[in-house]
file run19.pdb (PDB, C-alpha atoms)
ATOM      1  CA  MET A  15      -7.918  -9.201 -13.315  1.00  0.00           C
ATOM      2  CA  LYS A  16      -5.890  -7.476 -10.600  1.00  0.00           C
ATOM      3  CA  VAL A  17      -7.500  -4.789  -8.496  1.00  0.00           C
ATOM      4  CA  LYS A  18      -5.457  -2.596  -6.169  1.00  0.00           C
ATOM      5  CA  VAL A  19      -6.759  -1.076  -2.955  1.00  0.00           C
ATOM      6  CA  PHE A  20      -4.928   1.578  -0.935  1.00  0.00           C
ATOM      7  CA  VAL A  21      -6.088   2.189   2.629  1.00  0.00           C
ATOM      8  CA  THR A  22      -4.471   5.220   4.239  1.00  0.00           C
ATOM      9  CA  PRO A  23      -4.995   7.073   7.530  1.00  0.00           C
ATOM     10  CA  LYS A  24      -6.979  10.286   6.998  1.00  0.00           C
ATOM     11  CA  GLU A  25      -4.902  13.474   6.820  1.00  0.00           C
ATOM     12  CA  THR A  26      -6.330  14.754  10.105  1.00  0.00           C
ATOM     13  CA  VAL A  27      -5.723  11.526  12.025  1.00  0.00           C
ATOM     14  CA  LEU A  28      -2.552  10.898  13.999  1.00  0.00           C
ATOM     15  CA  ASP A  29      -0.462   8.038  12.558  1.00  0.00           C
ATOM     16  CA  PRO A  30       1.736   6.755  15.416  1.00  0.00           C
ATOM     17  CA  GLN A  31       3.238   3.979  13.288  1.00  0.00           C
ATOM     18  CA  GLY A  32       4.283   6.532  10.653  1.00  0.00           C
ATOM     19  CA  ALA A  33       5.694   8.834  13.320  1.00  0.00           C
ATOM     20  CA  ALA A  34       7.760   5.950  14.751  1.00  0.00           C
ATOM     21  CA  VAL A  35       9.175   5.160  11.309  1.00  0.00           C
ATOM     22  CA  ARG A  36      10.023   8.833  10.726  1.00  0.00           C
ATOM     23  CA  GLU A  37      11.888   8.904  14.059  1.00  0.00           C
ATOM     24  CA  ALA A  38      13.730   5.700  13.177  1.00  0.00           C
ATOM     25  CA  MET A  39      14.730   7.114   9.786  1.00  0.00           C
ATOM     26  CA  GLN A  40      16.114  10.227  11.441  1.00  0.00           C
ATOM     27  CA  HIS A  41      18.064   8.139  13.954  1.00  0.00           C
ATOM     28  CA  LEU A  42      19.486   6.149  11.032  1.00  0.00           C
ATOM     29  CA  GLY A  43      20.863   9.335   9.502  1.00  0.00           C
ATOM     30  CA  PHE A  44      18.087  10.199   7.065  1.00  0.00           C
ATOM     31  CA  ALA A  45      16.961  13.621   8.256  1.00  0.00           C
ATOM     32  CA  ALA A  46      15.135  14.477   5.027  1.00  0.00           C
ATOM     33  CA  ALA A  47      11.972  12.586   5.993  1.00  0.00           C
ATOM     34  CA  ARG A  48       9.499  15.273   7.052  1.00  0.00           C
ATOM     35  CA  ASP A  49       6.436  13.062   7.358  1.00  0.00           C
ATOM     36  CA  VAL A  50       5.670   9.360   7.001  1.00  0.00           C
ATOM     37  CA  ARG A  51       2.164   7.924   6.690  1.00  0.00           C
ATOM     38  CA  ILE A  52       1.625   4.187   6.702  1.00  0.00           C
ATOM     39  CA  GLY A  53      -1.355   2.438   5.202  1.00  0.00           C
ATOM     40  CA  ARG A  54      -2.277  -0.919   3.714  1.00  0.00           C
ATOM     41  CA  TYR A  55      -1.936  -2.043   0.126  1.00  0.00           C
ATOM     42  CA  LEU A  56      -4.089  -4.896  -1.192  1.00  0.00           C
ATOM     43  CA  GLU A  57      -3.843  -6.729  -4.483  1.00  0.00           C
ATOM     44  CA  ILE A  58      -7.045  -8.623  -5.227  1.00  0.00           C
ATOM     45  CA  ASP A  59      -7.100 -11.131  -8.059  1.00  0.00           C
ATOM     46  CA  LEU A  60     -10.633 -11.315  -9.445  1.00  0.00           C
ATOM     47  CA  VAL A  61     -12.336 -13.898 -11.615  1.00  0.00           C
ATOM     48  CA  ASP A  62     -13.420 -11.894 -14.658  1.00  0.00           C
ATOM     49  CA  ASN A  63     -17.189 -12.409 -14.949  1.00  0.00           C
ATOM     50  CA  GLY A  64     -17.726  -9.760 -17.629  1.00  0.00           C
ATOM     51  CA  ASP A  65     -19.628  -7.342 -15.411  1.00  0.00           C
ATOM     52  CA  VAL A  66     -16.834  -5.106 -14.159  1.00  0.00           C
ATOM     53  CA  ALA A  67     -19.215  -2.316 -13.076  1.00  0.00           C
ATOM     54  CA  ALA A  68     -21.110  -4.634 -10.700  1.00  0.00           C
ATOM     55  CA  GLN A  69     -17.845  -6.027  -9.335  1.00  0.00           C
ATOM     56  CA  GLU A  70     -16.540  -2.524  -8.713  1.00  0.00           C
ATOM     57  CA  LYS A  71     -19.747  -1.579  -6.879  1.00  0.00           C
ATOM     58  CA  LYS A  72     -19.503  -4.646  -4.630  1.00  0.00           C
ATOM     59  CA  LEU A  73     -15.780  -4.030  -4.066  1.00  0.00           C
ATOM     60  CA  ARG A  74     -16.468  -0.454  -2.942  1.00  0.00           C
ATOM     61  CA  GLU A  75     -18.939  -1.814  -0.385  1.00  0.00           C
ATOM     62  CA  LEU A  76     -16.303  -4.274   0.834  1.00  0.00           C
ATOM     63  CA  CYS A  77     -13.651  -1.548   1.016  1.00  0.00           C
ATOM     64  CA  ARG A  78     -15.946   0.483   3.225  1.00  0.00           C
ATOM     65  CA  ASP A  79     -17.255  -2.352   5.411  1.00  0.00           C
ATOM     66  CA  LEU A  80     -14.379  -4.834   5.592  1.00  0.00           C
ATOM     67  CA  LEU A  81     -11.087  -3.380   4.415  1.00  0.00           C
ATOM     68  CA  SER A  82     -11.049   0.086   5.934  1.00  0.00           C
ATOM     69  CA  ASN A  83     -12.283   1.877   9.024  1.00  0.00           C
ATOM     70  CA  PRO A  84     -14.075   4.887   7.477  1.00  0.00           C
ATOM     71  CA  VAL A  85     -13.830   6.852  10.733  1.00  0.00           C
ATOM     72  CA  ILE A  86     -10.047   7.129  10.536  1.00  0.00           C
ATOM     73  CA  GLU A  87      -9.094   5.807   7.096  1.00  0.00           C
ATOM     74  CA  ASP A  88      -9.621   6.625   3.446  1.00  0.00           C
ATOM     75  CA  TYR A  89      -9.503   4.041   0.697  1.00  0.00           C
ATOM     76  CA  ARG A  90      -8.708   4.250  -2.984  1.00  0.00           C
ATOM     77  CA  LEU A  91      -9.773   1.511  -5.388  1.00  0.00           C
ATOM     78  CA  GLU A  92      -7.812   1.118  -8.616  1.00  0.00           C
ATOM     79  CA  MET A  93      -9.520  -1.008 -11.254  1.00  0.00           C
ATOM     80  CA  PRO A  94      -7.187  -2.330 -13.997  1.00  0.00           C
ATOM     81  CA  ASN A  95      -8.833  -0.296 -16.779  1.00  0.00           C
ATOM     82  CA  GLU A  96      -8.168   2.902 -14.815  1.00  0.00           C
ATOM     83  CA  SER A  97      -4.505   2.153 -14.198  1.00  0.00           C
ATOM     84  CA  LYS A  98      -3.734   1.461 -17.859  1.00  0.00           C
TER      85      LYS A  98
ATOM     86  CA  MET B 195       8.441  15.714  -2.571  1.00  0.00           C
ATOM     87  CA  LYS B 196       6.299  12.633  -1.971  1.00  0.00           C
ATOM     88  CA  VAL B 197       7.856   9.194  -2.260  1.00  0.00           C
ATOM     89  CA  LYS B 198       5.740   6.050  -2.261  1.00  0.00           C
ATOM     90  CA  VAL B 199       6.888   2.683  -0.959  1.00  0.00           C
ATOM     91  CA  PHE B 200       5.007  -0.582  -1.493  1.00  0.00           C
ATOM     92  CA  VAL B 201       5.988  -3.540   0.677  1.00  0.00           C
ATOM     93  CA  THR B 202       4.340  -6.796  -0.396  1.00  0.00           C
ATOM     94  CA  PRO B 203       4.726 -10.433   0.682  1.00  0.00           C
ATOM     95  CA  LYS B 204       6.805 -12.402  -1.827  1.00  0.00           C
ATOM     96  CA  GLU B 205       4.794 -14.500  -4.308  1.00  0.00           C
ATOM     97  CA  THR B 206       6.080 -17.742  -2.791  1.00  0.00           C
ATOM     98  CA  VAL B 207       5.302 -16.768   0.796  1.00  0.00           C
ATOM     99  CA  LEU B 208       2.000 -17.624   2.455  1.00  0.00           C
ATOM    100  CA  ASP B 209      -0.056 -14.542   3.324  1.00  0.00           C
ATOM    101  CA  PRO B 210      -2.441 -15.585   6.125  1.00  0.00           C
ATOM    102  CA  GLN B 211      -3.882 -12.069   6.473  1.00  0.00           C
ATOM    103  CA  GLY B 212      -4.719 -12.020   2.765  1.00  0.00           C
ATOM    104  CA  ALA B 213      -6.244 -15.496   2.959  1.00  0.00           C
ATOM    105  CA  ALA B 214      -8.434 -14.386   5.875  1.00  0.00           C
ATOM    106  CA  VAL B 215      -9.668 -11.371   3.900  1.00  0.00           C
ATOM    107  CA  ARG B 216     -10.409 -13.562   0.873  1.00  0.00           C
ATOM    108  CA  GLU B 217     -12.463 -15.926   3.073  1.00  0.00           C
ATOM    109  CA  ALA B 218     -14.313 -12.972   4.598  1.00  0.00           C
ATOM    110  CA  MET B 219     -15.082 -11.578   1.128  1.00  0.00           C
ATOM    111  CA  GLN B 220     -16.489 -14.916   0.047  1.00  0.00           C
ATOM    112  CA  HIS B 221     -18.632 -15.143   3.194  1.00  0.00           C
ATOM    113  CA  LEU B 222     -19.933 -11.653   2.414  1.00  0.00           C
ATOM    114  CA  GLY B 223     -21.144 -12.829  -0.987  1.00  0.00           C
ATOM    115  CA  PHE B 224     -18.214 -11.793  -3.164  1.00  0.00           C
ATOM    116  CA  ALA B 225     -17.087 -15.098  -4.640  1.00  0.00           C
ATOM    117  CA  ALA B 226     -15.053 -13.483  -7.433  1.00  0.00           C
ATOM    118  CA  ALA B 227     -11.987 -12.897  -5.242  1.00  0.00           C
ATOM    119  CA  ARG B 228      -9.518 -15.603  -6.231  1.00  0.00           C
ATOM    120  CA  ASP B 229      -6.539 -14.324  -4.296  1.00  0.00           C
ATOM    121  CA  VAL B 230      -5.827 -11.449  -1.911  1.00  0.00           C
ATOM    122  CA  ARG B 231      -2.354 -10.282  -0.904  1.00  0.00           C
ATOM    123  CA  ILE B 232      -1.900  -7.634   1.742  1.00  0.00           C
ATOM    124  CA  GLY B 233       1.108  -5.414   2.081  1.00  0.00           C
ATOM    125  CA  ARG B 234       2.038  -1.997   3.420  1.00  0.00           C
ATOM    126  CA  TYR B 235       1.880   1.325   1.644  1.00  0.00           C
ATOM    127  CA  LEU B 236       4.033   4.230   2.821  1.00  0.00           C
ATOM    128  CA  GLU B 237       3.937   7.849   1.754  1.00  0.00           C
ATOM    129  CA  ILE B 238       7.133   9.644   2.732  1.00  0.00           C
ATOM    130  CA  ASP B 239       7.284  13.406   2.486  1.00  0.00           C
ATOM    131  CA  LEU B 240      10.889  14.439   1.822  1.00  0.00           C
ATOM    132  CA  VAL B 241      12.653  17.751   2.188  1.00  0.00           C
ATOM    133  CA  ASP B 242      13.937  18.445  -1.317  1.00  0.00           C
ATOM    134  CA  ASN B 243      17.686  18.920  -0.954  1.00  0.00           C
ATOM    135  CA  GLY B 244      18.429  18.892  -4.689  1.00  0.00           C
ATOM    136  CA  ASP B 245      20.287  15.569  -4.685  1.00  0.00           C
ATOM    137  CA  VAL B 246      17.478  13.164  -5.533  1.00  0.00           C
ATOM    138  CA  ALA B 247      19.864  10.374  -6.566  1.00  0.00           C
ATOM    139  CA  ALA B 248      21.574  10.317  -3.152  1.00  0.00           C
ATOM    140  CA  GLN B 249      18.216  10.429  -1.387  1.00  0.00           C
ATOM    141  CA  GLU B 250      16.948   7.533  -3.486  1.00  0.00           C
ATOM    142  CA  LYS B 251      20.056   5.491  -2.650  1.00  0.00           C
ATOM    143  CA  LYS B 252      19.615   6.110   1.088  1.00  0.00           C
ATOM    144  CA  LEU B 253      15.889   5.360   0.830  1.00  0.00           C
ATOM    145  CA  ARG B 254      16.595   2.006  -0.829  1.00  0.00           C
ATOM    146  CA  GLU B 255      18.881   1.119   2.084  1.00  0.00           C
ATOM    147  CA  LEU B 256      16.134   2.085   4.525  1.00  0.00           C
ATOM    148  CA  CYS B 257      13.534   0.081   2.578  1.00  0.00           C
ATOM    149  CA  ARG B 258      15.734  -2.985   2.874  1.00  0.00           C
ATOM    150  CA  ASP B 259      16.862  -2.523   6.480  1.00  0.00           C
ATOM    151  CA  LEU B 260      13.937  -0.813   8.195  1.00  0.00           C
ATOM    152  CA  LEU B 261      10.750  -0.934   6.144  1.00  0.00           C
ATOM    153  CA  SER B 262      10.713  -4.474   4.796  1.00  0.00           C
ATOM    154  CA  ASN B 263      11.806  -7.943   5.813  1.00  0.00           C
ATOM    155  CA  PRO B 264      13.752  -9.052   2.694  1.00  0.00           C
ATOM    156  CA  VAL B 265      13.358 -12.731   3.618  1.00  0.00           C
ATOM    157  CA  ILE B 266       9.597 -12.706   3.076  1.00  0.00           C
ATOM    158  CA  GLU B 267       8.825  -9.318   1.497  1.00  0.00           C
ATOM    159  CA  ASP B 268       9.559  -7.349  -1.638  1.00  0.00           C
ATOM    160  CA  TYR B 269       9.545  -3.588  -1.796  1.00  0.00           C
ATOM    161  CA  ARG B 270       8.952  -1.143  -4.599  1.00  0.00           C
ATOM    162  CA  LEU B 271      10.086   2.468  -4.343  1.00  0.00           C
ATOM    163  CA  GLU B 272       8.316   5.061  -6.468  1.00  0.00           C
ATOM    164  CA  MET B 273      10.114   8.385  -6.747  1.00  0.00           C
ATOM    165  CA  PRO B 274       7.906  11.284  -7.891  1.00  0.00           C
ATOM    166  CA  ASN B 275       9.742  11.751 -11.213  1.00  0.00           C
ATOM    167  CA  GLU B 276       9.069   8.098 -12.083  1.00  0.00           C
ATOM    168  CA  SER B 277       5.363   8.222 -11.310  1.00  0.00           C
ATOM    169  CA  LYS B 278       4.716  11.294 -13.480  1.00  0.00           C
TER     170      LYS B 278
END

call {"tool": "encode", "arguments": {"input": "run19.pdb", "output": "structure tokens"}}
result
Amino acid sequence: MKVKVFVTPKETVLDPQGAAVREAMQHLGFAAARDVRIGRYLEIDLVDNGDVAAQEKKLRELCRDLLSNPVIEDYRLEMPNESK
Amino acid sequence: MKVKVFVTPKETVLDPQGAAVREAMQHLGFAAARDVRIGRYLEIDLVDNGDVAAQEKKLRELCRDLLSNPVIEDYRLEMPNESK
């Protein structure tokens, strides 16, 4: 079972890495890029133990405590049943 | 117009960051994580100039030359008309 996690900088937080990429794109002749935000993308392969709800609950805890910094980042968890 | 880019380590390439996160998850009591792969997720806000095909072509060049390292990474470009 593949779970996807997206960790993105909050809208209100400055994203210097994204700004640098936007600048680079413009220097490379692609002026259409108005804004670039860079986050992390995780694919987690889970052993299917039958209790998806409990796994999702634990994963949300891990997203908050381990995978993202809730002060400056948002996360989005995509369980396989949601994406289909 | 929002374009999404996913840059992920190739299947055959070792992902030490992902392995570290998998170990950490297991130490935190989540043994179900069999494999974790970590990549980058970019949201690019484009000025809509009417020629989406040309923009997509240029974006693919940028994905290859600027946003990913084709030796060890794959990229996936999601244009808004594809994701809807």

call {"tool": "resolve_selection", "arguments": {"input": "run19.pdb", "expression": "the PyMOL selection byres ((chain A) within 8 of (chain B))", "output": "ChimeraX atom specification"}}
result
/A:20,22,39,44,46-63,72,76

call {"tool": "write_last_selection", "arguments": {"input": "run19.pdb", "atoms": "C-alpha atoms", "output": "PDB file, in the frame of the given file"}}
result
ATOM      1  CA  PHE A  20      -4.928   1.578  -0.935  1.00  0.00           C
ATOM      2  CA  THR A  22      -4.471   5.220   4.239  1.00  0.00           C
ATOM      3  CA  MET A  39      14.730   7.114   9.786  1.00  0.00           C
ATOM      4  CA  PHE A  44      18.087  10.199   7.065  1.00  0.00           C
ATOM      5  CA  ALA A  46      15.135  14.477   5.027  1.00  0.00           C
ATOM      6  CA  ALA A  47      11.972  12.586   5.993  1.00  0.00           C
ATOM      7  CA  ARG A  48       9.499  15.273   7.052  1.00  0.00           C
ATOM      8  CA  ASP A  49       6.436  13.062   7.358  1.00  0.00           C
ATOM      9  CA  VAL A  50       5.670   9.360   7.001  1.00  0.00           C
ATOM     10  CA  ARG A  51       2.164   7.924   6.690  1.00  0.00           C
ATOM     11  CA  ILE A  52       1.625   4.187   6.702  1.00  0.00           C
ATOM     12  CA  GLY A  53      -1.355   2.438   5.202  1.00  0.00           C
ATOM     13  CA  ARG A  54      -2.277  -0.919   3.714  1.00  0.00           C
ATOM     14  CA  TYR A  55      -1.936  -2.043   0.126  1.00  0.00           C
ATOM     15  CA  LEU A  56      -4.089  -4.896  -1.192  1.00  0.00           C
ATOM     16  CA  GLU A  57      -3.843  -6.729  -4.483  1.00  0.00           C
ATOM     17  CA  ILE A  58      -7.045  -8.623  -5.227  1.00  0.00           C
ATOM     18  CA  ASP A  59      -7.100 -11.131  -8.059  1.00  0.00           C
ATOM     19  CA  LEU A  60     -10.633 -11.315  -9.445  1.00  0.00           C
ATOM     20  CA  VAL A  61     -12.336 -13.898 -11.615  1.00  0.00           C
ATOM     21  CA  ASP A  62     -13.420 -11.894 -14.658  1.00  0.00           C
ATOM     22  CA  ASN A  63     -17.189 -12.409 -14.949  1.00  0.00           C
ATOM     23  CA  LYS A  72     -19.503  -4.646  -4.630  1.00  0.00           C
ATOM     24  CA  LEU A  76     -16.303  -4.274   0.834  1.00  0.00           C
TER      25      LEU A  76
END

call {"tool": "atom_distance", "arguments": {"input": "run19.pdb", "atom1": "atom CA of B:Gln211", "atom2": "atom CA of A:Asp29"}}
result
21.3 Å

call {"tool": "calpha_fit_and_write", "arguments": {"input": "run19.pdb", "fixed": "chain A", "moving": "chain B", "output": "compact mmCIF listing (two decimals) with C-alpha atoms, in the frame of the given file"}}
result
# COMPACT_ATOMS: atom_id res chain seq x y z
CA MET B 195 -7.91 -9.20 -13.32
CA LYS B 196 -5.88 -7.48 -10.62
CA VAL B 197 -7.50 -4.79 -8.50
CA LYS B 198 -5.46 -2.59 -6.18
CA VAL B 199 -6.76 -1.08 -2.96
CA PHE B 200 -4.93 1.58 -0.94
CA VAL B 201 -6.10 2.19 2.62
CA THR B 202 -4.47 5.23 4.23
CA PRO B 203 -5.00 7.07 7.52
CA LYS B 204 -6.98 10.28 7.00
CA GLU B 205 -4.88 13.47 6.82
CA THR B 206 -6.32 14.75 10.10
CA VAL B 207 -5.73 11.52 12.01
CA LEU B 208 -2.55 10.89 13.98
CA ASP B 209 -0.47 8.04 12.56
CA PRO B 210 1.73 6.76 15.41
CA GLN B 211 3.23 3.98 13.28
CA GLY B 212 4.27 6.52 10.66
CA ALA B 213 5.70 8.83 13.32
CA ALA B 214 7.75 5.94 14.74
CA VAL B 215 9.16 5.15 11.29
CA ARG B 216 10.02 8.82 10.71
CA GLU B 217 11.89 8.91 14.05
CA ALA B 218 13.72 5.69 13.17
CA MET B 219 14.72 7.11 9.77
CA GLN B 220 16.11 10.22 11.42
CA HIS B 221 18.06 8.12 13.94
CA LEU B 222 19.49 6.15 11.02
CA GLY B 223 20.86 9.34 9.49
CA PHE B 224 18.09 10.20 7.05
CA ALA B 225 16.97 13.62 8.25
CA ALA B 226 15.14 14.47 5.02
CA ALA B 227 11.96 12.59 5.99
CA ARG B 228 9.49 15.27 7.04
CA ASP B 229 6.44 13.07 7.35
CA VAL B 230 5.66 9.37 6.99
CA ARG B 231 2.16 7.91 6.69
CA ILE B 232 1.62 4.18 6.69
CA GLY B 233 -1.35 2.43 5.21
CA ARG B 234 -2.28 -0.92 3.71
CA TYR B 235 -1.94 -2.05 0.13
CA LEU B 236 -4.09 -4.90 -1.19
CA GLU B 237 -3.85 -6.73 -4.48
CA ILE B 238 -7.05 -8.62 -5.22
CA ASP B 239 -7.10 -11.13 -8.04
CA LEU B 240 -10.64 -11.31 -9.44
CA VAL B 241 -12.34 -13.89 -11.61
CA ASP B 242 -13.41 -11.90 -14.66
CA ASN B 243 -17.16 -12.40 -14.95
CA GLY B 244 -17.69 -9.75 -17.62
CA ASP B 245 -19.62 -7.34 -15.40
CA VAL B 246 -16.82 -5.10 -14.16
CA ALA B 247 -19.21 -2.33 -13.07
CA ALA B 248 -21.11 -4.64 -10.70
CA GLN B 249 -17.86 -6.03 -9.33
CA GLU B 250 -16.54 -2.53 -8.72
CA LYS B 251 -19.74 -1.59 -6.88
CA LYS B 252 -19.50 -4.66 -4.63
CA LEU B 253 -15.78 -4.03 -4.07
CA ARG B 254 -16.47 -0.46 -2.94
CA GLU B 255 -18.94 -1.81 -0.38
CA LEU B 256 -16.31 -4.28 0.84
CA CYS B 257 -13.65 -1.54 1.00
CA ARG B 258 -15.94 0.49 3.24
CA ASP B 259 -17.26 -2.34 5.41
CA LEU B 260 -14.40 -4.83 5.60
CA LEU B 261 -11.10 -3.39 4.41
CA SER B 262 -11.07 0.08 5.93
CA ASN B 263 -12.30 1.87 9.03
CA PRO B 264 -14.09 4.89 7.47
CA VAL B 265 -13.83 6.86 10.73
CA ILE B 266 -10.05 7.13 10.54
CA GLU B 267 -9.11 5.80 7.09
CA ASP B 268 -9.62 6.61 3.44
CA TYR B 269 -9.51 4.04 0.69
CA ARG B 270 -8.70 4.25 -2.98
CA LEU B 271 -9.76 1.52 -5.39
CA GLU B 272 -7.81 1.12 -8.62
CA MET B 273 -9.52 -1.01 -11.25
CA PRO B 274 -7.18 -2.33 -13.97
CA ASN B 275 -8.81 -0.29 -16.77
CA GLU B 276 -8.17 2.91 -14.79
CA SER B 277 -4.52 2.19 -14.11
CA LYS B 278 -3.68 1.51 -17.77

call {"tool": "residues_around", "arguments": {"input": "run19.pdb", "residues": "B:Pro264", "least_positions_apart": "4", "cutoff": "12 Å", "atoms": "all atoms listed in the file", "output": "JSON, numbers by chain"}}
result
{"B": [201, 202, 203, 204, 207, 254, 255, 256, 257, 258, 259, 260, 268, 269, 270]}

call {"tool": "closest_residue", "arguments": {"input": "run19.pdb", "among": "A:His41, A:Ala33, A:Glu70, A:Ser82", "to": "A:Pro94", "atoms": "only C-alpha atoms"}}
result
A:Glu70

call {"tool": "atom_distance", "arguments": {"input": "run19.pdb", "atom1": "atom CA of A:Leu28", "atom2": "atom CA of A:Ile86"}}
result
9.1 Å

call {"tool": "atom_distance", "arguments": {"input": "run19.pdb", "atom1": "atom CA of A:Ala67", "atom2": "atom CA of B:Glu217"}}
result
22.2 Å

call {"tool": "axis_aligned_box", "arguments": {"input": "run19.pdb", "around": "stretch 195-202 of chain B", "padding_each_side": "4 Å", "output": "AutoDock Vina command-line options"}}
result
--center_x 6.4 --center_y 4.5 --center_z -0.9 --size_x 12.1 --size_y 30.5 --size_z 11.2

call {"tool": "decode", "arguments": {"input": "run19.pdb", "residues": "stretch 88-95 of chain A", "atoms": "all heavy atoms", "output": "PDB file, in the first residue's frame"}}
result
ATOM      1  N   ASP A  88       2.902  23.050   5.931  1.00  0.00           N
ATOM      2  CA  ASP A  88       1.665  22.275   5.944  1.00  0.00           C
ATOM      3  C   ASP A  88       1.967  20.894   5.379  1.00  0.00           C
ATOM      4  O   ASP A  88       2.883  20.738   4.570  1.00  0.00           O
ATOM      5  CB  ASP A  88       0.606  22.931   5.042  1.00  0.00           C
ATOM      6  CG  ASP A  88       0.069  24.217   5.631  1.00  0.00           C
ATOM      7  OD1 ASP A  88      -0.102  24.265   6.861  1.00  0.00           O
ATOM      8  OD2 ASP A  88      -0.152  25.158   4.852  1.00  0.00           O
ATOM      9  N   TYR A  89       1.178  19.906   5.771  1.00  0.00           N
ATOM     10  CA  TYR A  89       1.332  18.607   5.119  1.00  0.00           C
ATOM     11  C   TYR A  89      -0.020  18.132   4.608  1.00  0.00           C
ATOM     12  O   TYR A  89      -1.068  18.555   5.077  1.00  0.00           O
ATOM     13  CB  TYR A  89       1.936  17.571   6.077  1.00  0.00           C
ATOM     14  CG  TYR A  89       0.990  17.090   7.158  1.00  0.00           C
ATOM     15  CD1 TYR A  89       0.103  16.046   6.910  1.00  0.00           C
ATOM     16  CD2 TYR A  89       0.969  17.685   8.404  1.00  0.00           C
ATOM     17  CE1 TYR A  89      -0.782  15.621   7.888  1.00  0.00           C
ATOM     18  CE2 TYR A  89       0.097  17.268   9.375  1.00  0.00           C
ATOM     19  CZ  TYR A  89      -0.784  16.230   9.114  1.00  0.00           C
ATOM     20  OH  TYR A  89      -1.658  15.808  10.078  1.00  0.00           O
ATOM     21  N   ARG A  90       0.040  17.275   3.608  1.00  0.00           N
ATOM     22  CA  ARG A  90      -1.168  16.657   3.076  1.00  0.00           C
ATOM     23  C   ARG A  90      -0.869  15.175   2.928  1.00  0.00           C
ATOM     24  O   ARG A  90       0.133  14.787   2.333  1.00  0.00           O
ATOM     25  CB  ARG A  90      -1.519  17.271   1.725  1.00  0.00           C
ATOM     26  CG  ARG A  90      -2.819  16.777   1.133  1.00  0.00           C
ATOM     27  CD  ARG A  90      -3.365  17.790   0.122  1.00  0.00           C
ATOM     28  NE  ARG A  90      -2.422  18.038  -0.967  1.00  0.00           N
ATOM     29  CZ  ARG A  90      -2.321  17.268  -2.048  1.00  0.00           C
ATOM     30  NH1 ARG A  90      -3.095  16.215  -2.187  1.00  0.00           N
ATOM     31  NH2 ARG A  90      -1.451  17.556  -2.992  1.00  0.00           N
ATOM     32  N   LEU A  91      -1.734  14.352   3.515  1.00  0.00           N
ATOM     33  CA  LEU A  91      -1.548  12.901   3.489  1.00  0.00           C
ATOM     34  C   LEU A  91      -2.561  12.331   2.497  1.00  0.00           C
ATOM     35  O   LEU A  91      -3.734  12.665   2.561  1.00  0.00           O
ATOM     36  CB  LEU A  91      -1.791  12.354   4.896  1.00  0.00           C
ATOM     37  CG  LEU A  91      -1.634  10.869   5.142  1.00  0.00           C
ATOM     38  CD1 LEU A  91      -0.208  10.423   4.916  1.00  0.00           C
ATOM     39  CD2 LEU A  91      -2.051  10.541   6.576  1.00  0.00           C
ATOM     40  N   GLU A  92      -2.079  11.523   1.577  1.00  0.00           N
ATOM     41  CA  GLU A  92      -2.970  10.928   0.572  1.00  0.00           C
ATOM     42  C   GLU A  92      -2.948   9.415   0.735  1.00  0.00           C
ATOM     43  O   GLU A  92      -1.970   8.759   0.367  1.00  0.00           O
ATOM     44  CB  GLU A  92      -2.487  11.305  -0.823  1.00  0.00           C
ATOM     45  CG  GLU A  92      -3.595  11.705  -1.775  1.00  0.00           C
ATOM     46  CD  GLU A  92      -3.039  12.217  -3.099  1.00  0.00           C
ATOM     47  OE1 GLU A  92      -2.413  11.407  -3.822  1.00  0.00           O
ATOM     48  OE2 GLU A  92      -3.215  13.411  -3.401  1.00  0.00           O
ATOM     49  N   MET A  93      -4.016   8.868   1.309  1.00  0.00           N
ATOM     50  CA  MET A  93      -4.106   7.414   1.447  1.00  0.00           C
ATOM     51  C   MET A  93      -4.573   6.841   0.104  1.00  0.00           C
ATOM     52  O   MET A  93      -5.280   7.505  -0.646  1.00  0.00           O
ATOM     53  CB  MET A  93      -5.105   7.035   2.542  1.00  0.00           C
ATOM     54  CG  MET A  93      -4.782   7.592   3.915  1.00  0.00           C
ATOM     55  SD  MET A  93      -3.230   6.997   4.632  1.00  0.00           S
ATOM     56  CE  MET A  93      -3.673   5.330   5.115  1.00  0.00           C
ATOM     57  N   PRO A  94      -4.189   5.601  -0.223  1.00  0.00           N
ATOM     58  CA  PRO A  94      -4.486   5.064  -1.561  1.00  0.00           C
ATOM     59  C   PRO A  94      -5.985   5.010  -1.890  1.00  0.00           C
ATOM     60  O   PRO A  94      -6.363   5.218  -3.028  1.00  0.00           O
ATOM     61  CB  PRO A  94      -3.877   3.662  -1.533  1.00  0.00           C
ATOM     62  CG  PRO A  94      -3.363   3.432  -0.161  1.00  0.00           C
ATOM     63  CD  PRO A  94      -3.345   4.708   0.565  1.00  0.00           C
ATOM     64  N   ASN A  95      -6.837   4.769  -0.893  1.00  0.00           N
ATOM     65  CA  ASN A  95      -8.271   4.725  -1.183  1.00  0.00           C
ATOM     66  C   ASN A  95      -8.820   6.097  -1.555  1.00  0.00           C
ATOM     67  O   ASN A  95      -9.796   6.207  -2.290  1.00  0.00           O
ATOM     68  CB  ASN A  95      -9.056   4.147   0.010  1.00  0.00           C
ATOM     69  CG  ASN A  95      -8.694   4.822   1.325  1.00  0.00           C
ATOM     70  OD1 ASN A  95      -7.580   5.328   1.479  1.00  0.00           O
ATOM     71  ND2 ASN A  95      -9.619   4.836   2.262  1.00  0.00           N
TER      72      ASN A  95
END
